[in-house]
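Structure first, commentary second.
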Amino acid sequence: MKLAVYGKGGIGKSTTSCNISIALARRGKKVLQIGCDPKHDSTFTLTGFLIPTIIDTLQAKDYHYEDVWPEDVIYQGYGEVDCVEAGGPPAGAGCGGYVVGETVKLLKELNAFYEYDVILFDVLGDVVCGGFAAPLNYADYCVIITDNGFDALFAANRIVASVREKARTHPLRLAGLVGNRTAKRDLIDKYVEACPMPVLEVLPLIEDIRISRVKGKTLFEMAESENSLNYVCDFYLNIADQLLSQPEGVVAKELGDRELFSLLSDFYLNPQKNQDESSEDVLDFMMV
């Protein structure tokens with residue numbers, strides 16, 4: 001299974017990706033996480049340091065693939081999750097899609113690409129141009145990380161559009177949304193009501209999720225010394241279980257920009273109206 005994780009920049013994709021990778025490994029799967037960001041820090045919480053990138057290693061070897069060994073680019077992180085950082089092109093030059101392509105090509109040359117039960121691509125920000133949409137070419141499922149806010153859901157809607165476009169020519173499906181660090185989910189629910197798709201999980205608004213990134217540790221590793229965090233790990237395990245069930249997934253039809261803007265802005269501009277609608281929904285449910 002190949003997963004591509006997308007979402008608004010700064011939403012917590014890498015933190016979420018690392019914990020999902022650990023959860024998949026805890027379920028007995030051999031997992032490889034590939035960071036697709038020039039910052040090459042996707043796997044930081046798994047390894048505790050910035051590992052060398054594929055593109056830097058290839059440049060150092062003058063792109064002689066035969067001179068690269070698996071241990072040059074694949075590092076084992078916490079929980080026996082293997083880690084690779086693709087790296088990125090020089091600023092203002094080159095294409096992120098080229099780097100992702102070179103990464104997959106090298107892993108295939110090393111006979112490593114097909115050795116894993118799950119490969120997870122953690123992709124830069126909410127960029128869905130041709131280059132950074134490249135991981136969708138290899139993925140079975142896309143997972144979108146969001147929160148309960150306007151900007152994150154606007155970005156999610158753009159990613160939905162990219163998945164729909166790629167699904168025309170690839171066996172790609174949207175597995176669903178993951179809400180990260182949010183106390184509420186009312187705006188998420190408003191969006192998925194208008195653009196139906198699964199919500200895999202909504203992670204609680206706790207500071208430990210953010211702090212884990214600073215500490216360079218996954219929530220699973222932190223939970224070894226802080227038992228109070230075990231319940232948070234269960235959220236990631238639930239996501240892993242849903243993915244491993246090989247869901248049918250969806251190819252959602254994104255909302256138009258104006259339609260989405262109207263939907264989300266109305267939620268903020270008319271809070272009483274939305275609160276009344278929520279109350280009516282509760283009453284209808286109780287009557288049923």
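In the structure tokens, the first chain shown is A, the next is B, and so on; residue numbers restart at 1 for each chain, and ligands run from 1 in the order shown.
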List as a compact mmCIF listing (two decimals) with all heavy atoms, in the first residue's frame the protein and nucleic acid residues near range 75-78 of chain A, meaning an atom at most 6 Å away when only C-alpha atoms are counted, but skip any in the same chain fewer than 4 places from it.
# COMPACT_ATOMS: atom_id res chain seq x y z
N LEU A 46 11.26 10.61 13.82
CA LEU A 46 11.54 9.18 13.81
C LEU A 46 13.02 8.89 14.05
O LEU A 46 13.38 7.93 14.73
CB LEU A 46 11.12 8.56 12.47
CG LEU A 46 9.61 8.46 12.21
CD1 LEU A 46 9.35 8.13 10.74
CD2 LEU A 46 8.97 7.43 13.11
N THR A 47 13.89 9.73 13.49
CA THR A 47 15.33 9.47 13.57
C THR A 47 16.04 10.34 14.61
O THR A 47 17.11 9.98 15.09
CB THR A 47 15.99 9.71 12.20
OG1 THR A 47 15.81 11.08 11.83
CG2 THR A 47 15.38 8.82 11.14
N ASP A 82 11.55 2.53 8.44
CA ASP A 82 12.64 2.99 7.59
C ASP A 82 12.31 4.38 7.05
O ASP A 82 11.14 4.70 6.78
CB ASP A 82 12.88 2.02 6.45
CG ASP A 82 13.68 0.79 6.89
OD1 ASP A 82 14.19 0.81 8.03
OD2 ASP A 82 13.78 -0.17 6.11
N CYS A 83 13.35 5.19 6.89
CA CYS A 83 13.17 6.61 6.54
C CYS A 83 14.04 7.01 5.37
O CYS A 83 15.22 6.63 5.30
CB CYS A 83 13.53 7.50 7.74
SG CYS A 83 12.60 7.14 9.25
Inset, instruction - Please identify all polymer residues within 12 Å of Val104 in chain A, counting only C-alpha atoms, omitting same-chain residues fewer than 5 positions from it, and present them as a ChimeraX atom specification. - result: /A:32,34-36,54-55,73,84-86,97-99,109-114,119,121,134-135,137-139
Would you export the selected residues with N, CA and C atoms as an mmCIF file, in the first residue's frame, please?
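Saved to again-v4.cif:
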data_model
loop_
_atom_site.group_PDB
_atom_site.id
_atom_site.type_symbol
_atom_site.label_atom_id
_atom_site.label_comp_id
_atom_site.auth_asym_id
_atom_site.auth_seq_id
_atom_site.Cartn_x
_atom_site.Cartn_y
_atom_site.Cartn_z
ATOM 1 N N LEU A 32 8.001 2.220 5.125
ATOM 2 C CA LEU A 32 8.993 3.193 4.671
ATOM 3 C C LEU A 32 8.303 4.546 4.567
ATOM 4 N N ILE A 34 8.783 8.367 3.179
ATOM 5 C CA ILE A 34 9.588 9.180 2.266
ATOM 6 C C ILE A 34 9.195 10.643 2.433
ATOM 7 N N GLY A 35 10.128 11.451 2.900
ATOM 8 C CA GLY A 35 9.888 12.876 3.021
ATOM 9 C C GLY A 35 10.098 13.554 1.673
ATOM 10 N N CYS A 36 9.109 14.333 1.229
ATOM 11 C CA CYS A 36 9.182 15.005 -0.076
ATOM 12 C C CYS A 36 9.139 16.509 0.135
ATOM 13 N N ILE A 54 18.269 11.938 -0.730
ATOM 14 C CA ILE A 54 18.527 11.173 -1.955
ATOM 15 C C ILE A 54 19.242 12.045 -2.983
ATOM 16 N N ILE A 55 18.734 13.257 -3.178
ATOM 17 C CA ILE A 55 19.278 14.105 -4.240
ATOM 18 C C ILE A 55 20.715 14.521 -3.925
ATOM 19 N N VAL A 73 21.148 5.856 1.967
ATOM 20 C CA VAL A 73 19.958 6.709 1.863
ATOM 21 C C VAL A 73 18.780 6.250 2.719
ATOM 22 N N VAL A 84 13.455 7.783 4.468
ATOM 23 C CA VAL A 84 14.161 8.345 3.320
ATOM 24 C C VAL A 84 13.738 9.797 3.175
ATOM 25 N N GLU A 85 14.697 10.664 2.860
ATOM 26 C CA GLU A 85 14.378 12.052 2.540
ATOM 27 C C GLU A 85 14.763 12.314 1.086
ATOM 28 N N ALA A 86 13.781 12.696 0.293
ATOM 29 C CA ALA A 86 14.052 12.960 -1.121
ATOM 30 C C ALA A 86 14.905 14.205 -1.299
ATOM 31 N N GLY A 97 8.865 17.449 -8.584
ATOM 32 C CA GLY A 97 8.447 16.182 -9.166
ATOM 33 C C GLY A 97 9.626 15.377 -9.678
ATOM 34 N N TYR A 98 10.625 16.076 -10.216
ATOM 35 C CA TYR A 98 11.835 15.398 -10.692
ATOM 36 C C TYR A 98 12.540 14.696 -9.536
ATOM 37 N N VAL A 99 12.615 15.378 -8.383
ATOM 38 C CA VAL A 99 13.292 14.801 -7.221
ATOM 39 C C VAL A 99 12.551 13.564 -6.728
ATOM 40 N N GLU A 109 16.099 0.777 -8.135
ATOM 41 C CA GLU A 109 17.432 0.271 -8.487
ATOM 42 C C GLU A 109 18.032 -0.523 -7.331
ATOM 43 N N LEU A 110 17.724 -0.090 -6.105
ATOM 44 C CA LEU A 110 18.244 -0.757 -4.907
ATOM 45 C C LEU A 110 17.384 -1.942 -4.492
ATOM 46 N N ASN A 111 16.374 -2.262 -5.300
ATOM 47 C CA ASN A 111 15.428 -3.339 -4.982
ATOM 48 C C ASN A 111 14.754 -3.117 -3.626
ATOM 49 N N ALA A 112 14.535 -1.848 -3.293
ATOM 50 C CA ALA A 112 13.941 -1.528 -1.994
ATOM 51 C C ALA A 112 12.487 -1.089 -2.113
ATOM 52 N N PHE A 113 12.081 -0.629 -3.270
ATOM 53 C CA PHE A 113 10.763 -0.011 -3.394
ATOM 54 C C PHE A 113 9.638 -1.005 -3.154
ATOM 55 N N TYR A 114 9.874 -2.269 -3.472
ATOM 56 C CA TYR A 114 8.815 -3.267 -3.359
ATOM 57 C C TYR A 114 8.985 -4.170 -2.139
ATOM 58 N N ILE A 119 4.334 2.179 1.976
ATOM 59 C CA ILE A 119 5.210 3.327 1.718
ATOM 60 C C ILE A 119 4.369 4.587 1.874
ATOM 61 N N PHE A 121 4.342 8.675 1.538
ATOM 62 C CA PHE A 121 4.954 9.903 1.031
ATOM 63 C C PHE A 121 4.411 11.081 1.835
ATOM 64 N N ALA A 134 3.398 14.813 -7.901
ATOM 65 C CA ALA A 134 4.014 13.585 -8.410
ATOM 66 C C ALA A 134 3.798 12.364 -7.512
ATOM 67 N N PRO A 135 3.874 12.485 -6.171
ATOM 68 C CA PRO A 135 3.640 11.289 -5.347
ATOM 69 C C PRO A 135 2.274 10.649 -5.578
ATOM 70 N N ASN A 137 1.092 9.967 -8.301
ATOM 71 C CA ASN A 137 1.254 9.008 -9.398
ATOM 72 C C ASN A 137 1.528 7.601 -8.877
ATOM 73 N N TYR A 138 2.072 7.510 -7.670
ATOM 74 C CA TYR A 138 2.461 6.210 -7.115
ATOM 75 C C TYR A 138 1.502 5.714 -6.038
ATOM 76 N N ALA A 139 0.604 6.585 -5.579
ATOM 77 C CA ALA A 139 -0.178 6.285 -4.385
ATOM 78 C C ALA A 139 -1.467 5.519 -4.688
#
Inset, instruction - Mind the document's chain letters and residue numbers, and return as JSON, numbers by chain the residues of range 97-184 of chain A that DSSP labels helix (DSSP H, G or I). - result: {"A": [97, 98, 99, 100, 101, 102, 103, 104, 105, 106, 107, 108, 109, 134, 135, 136, 137, 150, 151, 152, 153, 154, 155, 156, 157, 158, 159, 160, 161, 162, 163, 164, 165, 166]}
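Of the listed residues (A:Val199, A:Leu153, A:Leu3, A:Ala223), A:Leu3 comes nearest to Val118 in chain A; the distances count only C-alpha atoms.
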Inset, instruction - Could you give me, as a PyMOL selection string, the residues within 7 Å of range 15-17 of chain A, counting only C-alpha atoms and dropping anything in the same chain fewer than 4 positions from it? - result: chain A and resi 21+122+213
Inset, instruction - Give the answer as one residue: which of A:Thr45, A:Thr103, A:Gln242, A:Thr169 has the shortest atom-to-atom distance to Glu201 in chain A, using only C-alpha atoms? - result: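 Of the candidates, the smallest distance to Glu201 in chain A is held by A:Gln242.
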Inset, instruction - List the neighbours of Ser14 in chain A out to 12 Å using only C-alpha atoms; skip same-chain residues closer than 6 positions along the sequence, and give me the result as a ChimeraX atom specification. - result: /A:4-8,20-21,33-37,39-46,85,120-125,144-145,180,209-210,212-213,216-218
Inset, instruction - Figure out the distance between CA of Ala23 in chain A and CA of Ile74 in chain A, please, to one decimal in Å. - result: 19.6 Å
Inset, instruction - Tell me which of A:Leu107, A:Val251, A:Val160, A:Leu263 sits closest to Tyr191 in chain A, counting only C-alpha atoms. - result: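 Once distances to Tyr191 in chain A are computed over only C-alpha atoms, the minimum belongs to A:Leu263.
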Inset, instruction - Tell me which protein, DNA and RNA residues are within 10 Å of Asn148 in chain A, counting only C-alpha atoms, leaving out same-chain ones fewer than 2 positions away, and put them as a PyMOL selection string. - result: chain A and resi 146+150-153+179-191+202
Legend entry - Residues within 7 Å of Ile239 in chain A, only C-alpha atoms, excluding chain neighbours under 4 positions, as a VMD selection string: chain A and resid 200 to 201 235 243
Next, write the just-selected residues to a file, as a PDB file, in the first residue's frame, keeping N, CA, C and O atoms as the atom set.
ATOM      1  N   LEU A 200     -11.307  10.320   8.815  1.00  0.00           N
ATOM      2  CA  LEU A 200     -10.668   9.173   9.454  1.00  0.00           C
ATOM      3  C   LEU A 200     -10.530   9.362  10.955  1.00  0.00           C
ATOM      4  O   LEU A 200     -10.692   8.421  11.732  1.00  0.00           O
ATOM      5  N   GLU A 201     -10.212  10.580  11.365  1.00  0.00           N
ATOM      6  CA  GLU A 201     -10.006  10.850  12.794  1.00  0.00           C
ATOM      7  C   GLU A 201      -9.862  12.347  13.001  1.00  0.00           C
ATOM      8  O   GLU A 201      -9.478  13.075  12.088  1.00  0.00           O
ATOM      9  N   PHE A 235      -5.537   7.184  18.708  1.00  0.00           N
ATOM     10  CA  PHE A 235      -6.080   7.885  17.548  1.00  0.00           C
ATOM     11  C   PHE A 235      -5.328   7.473  16.285  1.00  0.00           C
ATOM     12  O   PHE A 235      -5.938   7.212  15.240  1.00  0.00           O
ATOM     13  N   LEU A 243      -6.895   2.371   7.362  1.00  0.00           N
ATOM     14  CA  LEU A 243      -6.140   2.285   6.120  1.00  0.00           C
ATOM     15  C   LEU A 243      -5.836   0.840   5.752  1.00  0.00           C
ATOM     16  O   LEU A 243      -5.912   0.454   4.581  1.00  0.00           O
TER      17      LEU A 243
END
